[in-house]
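Visitor: For reference, this is final06.txt, and it has compact mmCIF, C-alpha atoms.
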# COMPACT_ATOMS: atom_id res chain seq x y z
CA MET A 14 14.32 -141.03 -74.08
CA GLU A 15 12.45 -139.36 -71.22
CA SER A 16 9.59 -141.42 -69.74
CA THR A 17 6.12 -139.90 -70.16
CA ILE A 18 2.67 -140.73 -68.78
CA THR A 19 -0.85 -139.93 -69.89
CA LEU A 20 -3.13 -137.41 -68.22
CA ARG A 21 -5.16 -140.25 -66.70
CA GLN A 22 -2.05 -141.79 -65.16
CA ALA A 23 -0.83 -138.41 -63.96
CA GLY A 24 -4.26 -137.68 -62.45
CA GLU A 25 -4.19 -140.97 -60.56
CA LYS A 26 -0.74 -140.21 -59.18
CA LEU A 27 -1.48 -136.58 -58.36
CA GLY A 28 -4.99 -137.18 -57.02
CA VAL A 29 -6.79 -134.94 -59.55
CA GLU A 30 -9.16 -135.50 -62.44
CA PRO A 31 -7.74 -135.67 -65.99
CA LYS A 32 -10.20 -132.96 -67.01
CA ALA A 33 -8.65 -130.66 -64.42
CA LEU A 34 -5.25 -131.31 -65.95
CA GLU A 35 -6.65 -130.59 -69.43
CA GLN A 36 -8.06 -127.29 -68.11
CA LEU A 37 -4.67 -126.36 -66.66
CA ILE A 38 -3.06 -127.15 -70.03
CA SER A 39 -5.64 -124.98 -71.82
CA ASP A 40 -4.93 -122.14 -69.36
CA GLY A 41 -1.18 -122.47 -69.91
CA HIS A 42 -0.37 -123.65 -66.36
CA LEU A 43 1.22 -126.95 -67.44
CA PRO A 44 4.04 -126.03 -69.83
CA GLU A 45 5.52 -129.51 -69.38
CA ALA A 46 2.63 -131.10 -71.34
CA ARG A 47 3.45 -132.39 -74.84
CA ARG A 48 1.19 -133.58 -77.66
CA SER A 49 1.71 -137.11 -78.96
CA PRO A 50 0.04 -138.87 -81.96
CA ASP A 51 -2.43 -141.61 -81.05
CA VAL A 52 -4.74 -144.02 -82.82
CA GLY A 53 -7.75 -141.75 -82.35
CA GLY A 54 -5.80 -138.54 -82.90
CA GLU A 55 -3.44 -136.70 -80.54
CA ARG A 56 -3.21 -136.94 -76.80
CA TRP A 57 -1.43 -135.05 -74.04
CA LEU A 58 1.52 -136.58 -72.21
CA LEU A 59 3.47 -135.42 -69.18
CA PRO A 60 7.11 -136.26 -68.33
CA ALA A 61 7.23 -138.50 -65.27
CA SER A 62 10.31 -136.66 -63.92
CA LYS A 63 8.34 -133.38 -63.76
CA LEU A 64 5.54 -134.66 -61.51
CA GLY A 65 7.37 -133.37 -58.45
CA ASP A 66 7.58 -129.84 -59.88
CA ILE A 67 3.93 -129.95 -60.94
CA ALA A 68 2.83 -131.15 -57.49
CA LYS A 69 4.81 -128.44 -55.70
CA ARG A 70 3.70 -125.68 -58.05
CA HIS A 71 -0.01 -126.44 -57.58
CA GLY A 72 0.11 -127.36 -53.89
CA TRP A 73 -0.66 -131.05 -54.31
CA VAL A 74 0.62 -133.39 -51.60
CA ILE A 75 1.35 -136.91 -52.79
CA ASP A 76 2.49 -140.06 -50.99
CA LEU A 77 5.01 -142.29 -52.73
CA ARG A 78 4.54 -146.10 -52.55
CA PRO A 79 6.28 -148.80 -54.65
CA ASP A 80 4.28 -150.46 -57.41
CA GLU A 81 4.17 -154.25 -57.09
CA ASP A 82 3.51 -154.79 -60.83
CA SER A 83 6.37 -152.69 -62.19
CA PRO A 84 9.56 -152.35 -60.12
CA GLN A 85 10.88 -149.74 -62.56
CA THR A 86 8.06 -147.28 -61.90
CA HIS A 87 6.33 -146.00 -58.80
CA SER A 88 2.65 -145.77 -57.98
CA LEU A 89 1.67 -142.59 -56.21
CA VAL A 90 -1.36 -142.89 -53.92
CA PRO A 91 -3.09 -139.51 -54.07
CA ILE A 92 -3.80 -137.62 -50.87
CA GLN A 93 -6.51 -134.96 -50.58
CA ARG A 94 -5.42 -131.70 -52.15
CA GLN A 95 -4.37 -129.13 -49.57
CA ALA A 96 -5.39 -125.48 -49.82
CA SER A 97 -2.30 -123.65 -48.64
CA ALA A 98 0.21 -121.05 -49.66
CA PRO A 99 1.97 -121.51 -53.04
CA PRO A 100 4.94 -123.90 -52.77
CA ARG A 101 8.47 -122.64 -53.02
CA ALA A 102 9.97 -123.09 -56.45
CA THR A 103 12.79 -125.65 -56.79
CA THR A 104 14.69 -127.10 -59.72
CA ASP A 105 15.71 -130.67 -60.43
CA THR A 106 19.48 -130.94 -60.26
CA PRO A 107 21.53 -134.03 -61.01
CA GLU A 108 23.60 -135.77 -58.38
CA PRO A 109 27.27 -134.71 -58.06
CA GLY A 110 28.28 -137.81 -60.04
CA GLY A 111 26.22 -136.68 -63.05
CA ASN A 112 23.37 -139.21 -62.68
CA PRO A 113 19.88 -137.65 -63.03
CA LEU A 114 17.46 -137.91 -60.09
CA SER A 115 14.78 -140.58 -60.25
CA VAL A 116 11.08 -139.78 -59.96
CA ALA A 117 10.98 -141.24 -56.45
CA GLU A 118 13.89 -139.04 -55.32
CA VAL A 119 12.34 -135.97 -56.87
CA LEU A 120 9.02 -136.66 -55.20
CA ASP A 121 10.72 -137.47 -51.91
CA ARG A 122 12.53 -134.14 -52.04
CA ALA A 123 9.31 -132.36 -52.98
CA LEU A 124 7.54 -133.95 -50.01
CA LEU A 125 10.46 -133.07 -47.73
CA ASP A 126 10.43 -129.47 -48.94
CA ARG A 127 6.69 -129.41 -48.38
CA LEU A 128 7.06 -130.73 -44.83
CA LEU A 129 9.87 -128.28 -44.11
CA GLY A 130 7.67 -125.48 -45.41
CA VAL A 131 4.82 -126.58 -43.11
CA HIS A 132 7.25 -126.73 -40.19
CA ALA A 133 8.54 -123.24 -41.00
CA ASP A 134 4.97 -121.95 -41.24
CA LYS A 135 4.17 -123.55 -37.90
CA THR A 136 7.27 -121.99 -36.34
CA ARG A 137 6.29 -118.56 -37.67
CA ALA A 138 2.77 -119.06 -36.35
CA VAL A 139 4.13 -119.99 -32.91
CA VAL A 140 6.40 -116.92 -32.89
CA GLU A 141 3.55 -114.66 -34.01
CA ALA A 142 1.26 -116.16 -31.34
CA SER A 143 3.94 -115.55 -28.70
CA GLN A 144 4.36 -111.96 -29.88
CA THR A 145 0.59 -111.51 -29.84
CA ARG A 146 0.37 -112.87 -26.29
CA SER A 147 3.20 -110.55 -25.22
CA ALA A 148 1.48 -107.56 -26.83
CA LEU A 149 -1.81 -108.56 -25.23
CA ALA A 150 -0.10 -108.81 -21.83
CA ASP A 151 1.40 -105.34 -22.31
CA ILE A 152 -2.00 -103.93 -23.27
CA THR A 153 -3.58 -105.64 -20.27
CA GLN A 154 -0.96 -104.15 -17.92
CA LYS A 155 -1.46 -100.69 -19.43
CA HIS A 156 -5.20 -101.07 -19.06
CA GLU A 157 -4.80 -102.06 -15.41
CA ARG A 158 -2.49 -99.09 -14.76
CA VAL A 159 -4.93 -96.69 -16.41
CA THR A 160 -7.81 -98.25 -14.45
CA ARG A 161 -5.93 -97.83 -11.16
CA LYS A 162 -5.04 -94.25 -12.06
CA LEU A 163 -8.65 -93.45 -12.90
CA GLU A 164 -9.78 -95.06 -9.65
CA ILE A 165 -7.28 -92.95 -7.68
CA GLU A 166 -8.44 -89.80 -9.47
CA ARG A 167 -12.06 -90.71 -8.79
CA ARG A 168 -11.29 -91.19 -5.10
CA GLU A 169 -9.38 -87.91 -4.99
CA ARG A 170 -12.30 -86.14 -6.63
CA THR A 171 -14.65 -87.76 -4.11
CA ILE A 172 -12.41 -86.72 -1.20
CA SER A 173 -12.08 -83.22 -2.66
CA GLY A 174 -15.86 -83.02 -3.03
CA ASP A 175 -16.35 -84.18 0.56
CA ARG A 176 -13.81 -81.64 1.78
CA TYR A 177 -15.47 -78.89 -0.22
CA ARG A 178 -18.86 -79.77 1.23
CA GLU A 179 -17.40 -79.87 4.75
CA GLU A 180 -15.66 -76.52 4.25
CA ARG A 181 -18.83 -75.03 2.83
CA SER A 182 -20.87 -76.31 5.79
CA ALA A 183 -18.24 -74.94 8.21
CA ARG A 184 -18.31 -71.60 6.36
CA LEU A 185 -22.08 -71.46 6.61
CA VAL A 186 -21.92 -72.22 10.36
CA ALA A 187 -19.24 -69.55 10.83
CA ASP A 188 -21.30 -67.02 8.88
CA ALA A 189 -24.32 -67.84 11.06
CA LYS A 190 -22.26 -67.37 14.22
CA VAL A 191 -20.85 -64.09 12.95
CA ALA A 192 -24.35 -62.86 12.15
CA GLU A 193 -25.53 -63.89 15.63
CA LEU A 194 -22.59 -62.07 17.25
CA ARG A 195 -23.33 -58.96 15.20
CA GLN A 196 -26.93 -59.03 16.33
CA ARG A 197 -25.84 -59.47 19.96
CA VAL A 198 -23.36 -56.60 19.69
CA SER A 199 -26.03 -54.42 18.11
CA ARG A 200 -28.43 -55.20 20.95
CA GLU A 201 -25.79 -54.51 23.60
CA MET A 202 -24.82 -51.25 21.93
CA ALA A 203 -28.47 -50.24 21.78
CA LEU A 204 -28.90 -51.08 25.48
CA ALA A 205 -25.74 -49.19 26.39
CA GLU A 206 -26.90 -46.19 24.39
CA ALA A 207 -30.30 -46.31 26.11
CA GLU A 208 -28.64 -46.49 29.54
CA ARG A 209 -26.39 -43.55 28.68
CA ILE A 210 -29.33 -41.49 27.56
CA ALA A 211 -31.27 -42.41 30.72
CA LYS A 212 -28.30 -41.45 32.90
CA ASP A 213 -27.91 -38.16 31.09
CA GLU A 214 -31.58 -37.43 31.54
CA ALA A 215 -31.38 -38.34 35.25
CA VAL A 216 -28.35 -36.10 35.75
CA GLN A 217 -30.10 -33.24 33.98
CA GLN A 218 -33.23 -33.76 36.03
CA ARG A 219 -31.15 -33.84 39.25
CA ARG A 220 -29.35 -30.67 38.32
CA ALA A 221 -32.61 -28.99 37.48
CA ALA A 222 -34.08 -30.10 40.80
CA GLU A 223 -31.04 -28.83 42.69
CA GLU A 224 -31.24 -25.51 40.91
CA ASP A 225 -34.95 -25.25 41.69
CA ALA A 226 -34.25 -26.13 45.32
CA THR A 227 -31.49 -23.52 45.56
CA LYS A 228 -33.72 -20.89 44.11
CA ALA A 229 -36.55 -21.86 46.46
CA ILE A 230 -34.24 -21.73 49.48
CA ALA A 231 -32.94 -18.38 48.37
CA THR A 232 -36.46 -16.97 48.34
CA MET A 233 -37.28 -18.29 51.81
CA GLY A 234 -36.93 -16.22 54.98
CA TRP A 235 -34.47 -17.10 57.66
CA LEU A 236 -37.09 -18.94 59.72
CA ALA A 237 -38.23 -21.07 56.77
CA ARG A 238 -34.63 -21.93 55.81
CA ARG A 239 -33.92 -22.96 59.40
CA ARG A 240 -36.91 -25.33 59.40
CA PHE A 241 -36.03 -26.72 55.98
CA ARG A 242 -32.47 -27.45 57.06
CA ARG A 243 -33.65 -29.16 60.21
CA THR A 244 -36.09 -31.25 58.24
CA TYR A 245 -33.89 -32.29 55.20
CA GLY A 246 -30.47 -31.76 56.76
CA GLY A 247 -29.50 -29.08 54.31
Would you give me this structure, written as structure tokens?
Guide:
Amino acid sequence: MESTITLRQAGEKLGVEPKALEQLISDGHLPEARRSPDVGGERWLLPASKLGDIAKRHGWVIDLRPDEDSPQTHSLVPIQRQASAPPRATTDTPEPGGNPLSVAEVLDRALLDRLLGVHADKTRAVVEASQTRSALADITQKHERVTRKLEIERRERTISGDRYREERSARLVADAKVAELRQRVSREMALAEAERIAKDEAVQQRRAAEEDATKAIATMGWLARRRFRRTYGG
């Protein structure tokens, strides 16, 4: 006949209160529980061989130590309940020879599975952290490249702005020089035109004077012309 234990004994081994086990039974989360007649009525019992499954299903970590009073049974010192991911489901299988597993072996395997699960979780966490660091390094490199590119563009814009201001200043200076040259050319042309007009007027006046002199000489007598020629060499 399969060995059973009370809720109080199971609570001591699993590190939980018997009332918590009763609540789990009421909620239907302990299908292994069985009713048994007692002096004061009925009480709940749990199969000792199923403690490993119960501990794994509810995430309870237990430590197995031998009981000095009863060498046939084992006393489980409860460890604080861990809040972690739901344990992986396993089934109790007999040994290849056909002998069923003892409670200690079941609990040892449950603890081993639990430790292996923690190790696997730790390995996944390490891999994810490494991937995160790699992604962060890539993002950092991209950020640095973009920053350098923006800095180069900013410098190019600054250089372009400086060149534009220099070209604009040079254009303004050239325009001022061109305007000055135009004014100088205008003044020289005006002076040249004034000189031409003055020369024309002088030539006209000279011609008019020569004509007047010719006419005056023509009206003189021979004695007056002779004196005039001696005086002015005409």
Visitor: Return the single residue from A:Ile38, A:Arg122, A:Val29, A:Ser16 that is closest to Asp66 in chain A, with distances computed using only C-alpha atoms.
Guide: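 Under the stated criterion, the closest residue is A:Arg122.
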Visitor: So, counting all atoms listed in the file, which residue among A:Lys228, A:Arg240, A:Arg161, A:Lys69 is closest to Asp121 in chain A?
Guide: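 Among the listed residues, the smallest separation from Asp121 in chain A belongs to A:Lys69.
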Visitor: So how many Å separate CA of Lys26 in chain A and CA of Ser62 in chain A, to one decimal?
Guide: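 Atom-to-atom, CA of Lys26 in chain A to CA of Ser62 in chain A, that is 12.5 Å.
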Visitor: Here is a test: counting all atoms listed in the file, which residue of A:Asp126, A:Glu35, A:Thr19, A:Arg242 is nearest to Arg70 in chain A?
Guide: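 Looking at the shortest contact to Arg70 in chain A, the residue is A:Asp126.
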Visitor: Pick out the closest residue to Leu124 in chain A from this set: A:Arg184, A:Leu236, A:Gly65, A:Gly174. Count all atoms listed in the file.
Guide: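 Checking each of A:Arg184, A:Leu236, A:Gly65, A:Gly174 against Leu124 in chain A, counting all atoms listed in the file, the winner is A:Gly65.
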Visitor: Could you tell me how far CA of Glu25 in chain A lies from CA of Asp40 in chain A, in Å and to one decimal?
Guide: 20.8 Å
Visitor: Check the smallest atom-to-atom distance from each of A:Glu201, A:Ala237, A:Asp213, A:Gly72 to Val131 in chain A using only C-alpha atoms, then report the winner.
Guide: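 The closest residue to Val131 in chain A is A:Gly72.
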Visitor: Would you compute the distance between CA of Trp57 in chain A and CA of Gly28 in chain A? Give it in Å to one decimal.
Guide: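 Taking CA of Trp57 in chain A as the start and CA of Gly28 in chain A as the end point, the length is 17.5 Å.
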Visitor: Show me the residues close to (-8.4, -141.5, -62.2) - anything with an atom within 12 Å, counting only C-alpha atoms - and format the list as JSON, numbers by chain.
Guide: {"A": [19, 20, 21, 22, 23, 24, 25, 26, 27, 28, 29, 30, 31, 32, 33, 34, 89, 90, 91]}
Visitor: Which is closest to Thr227 in chain A among A:Tyr177, A:His156, A:Phe241, A:Val140, if we use all atoms listed in the file?
Guide: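 Using all atoms listed in the file, Thr227 in chain A sits closest to A:Phe241.
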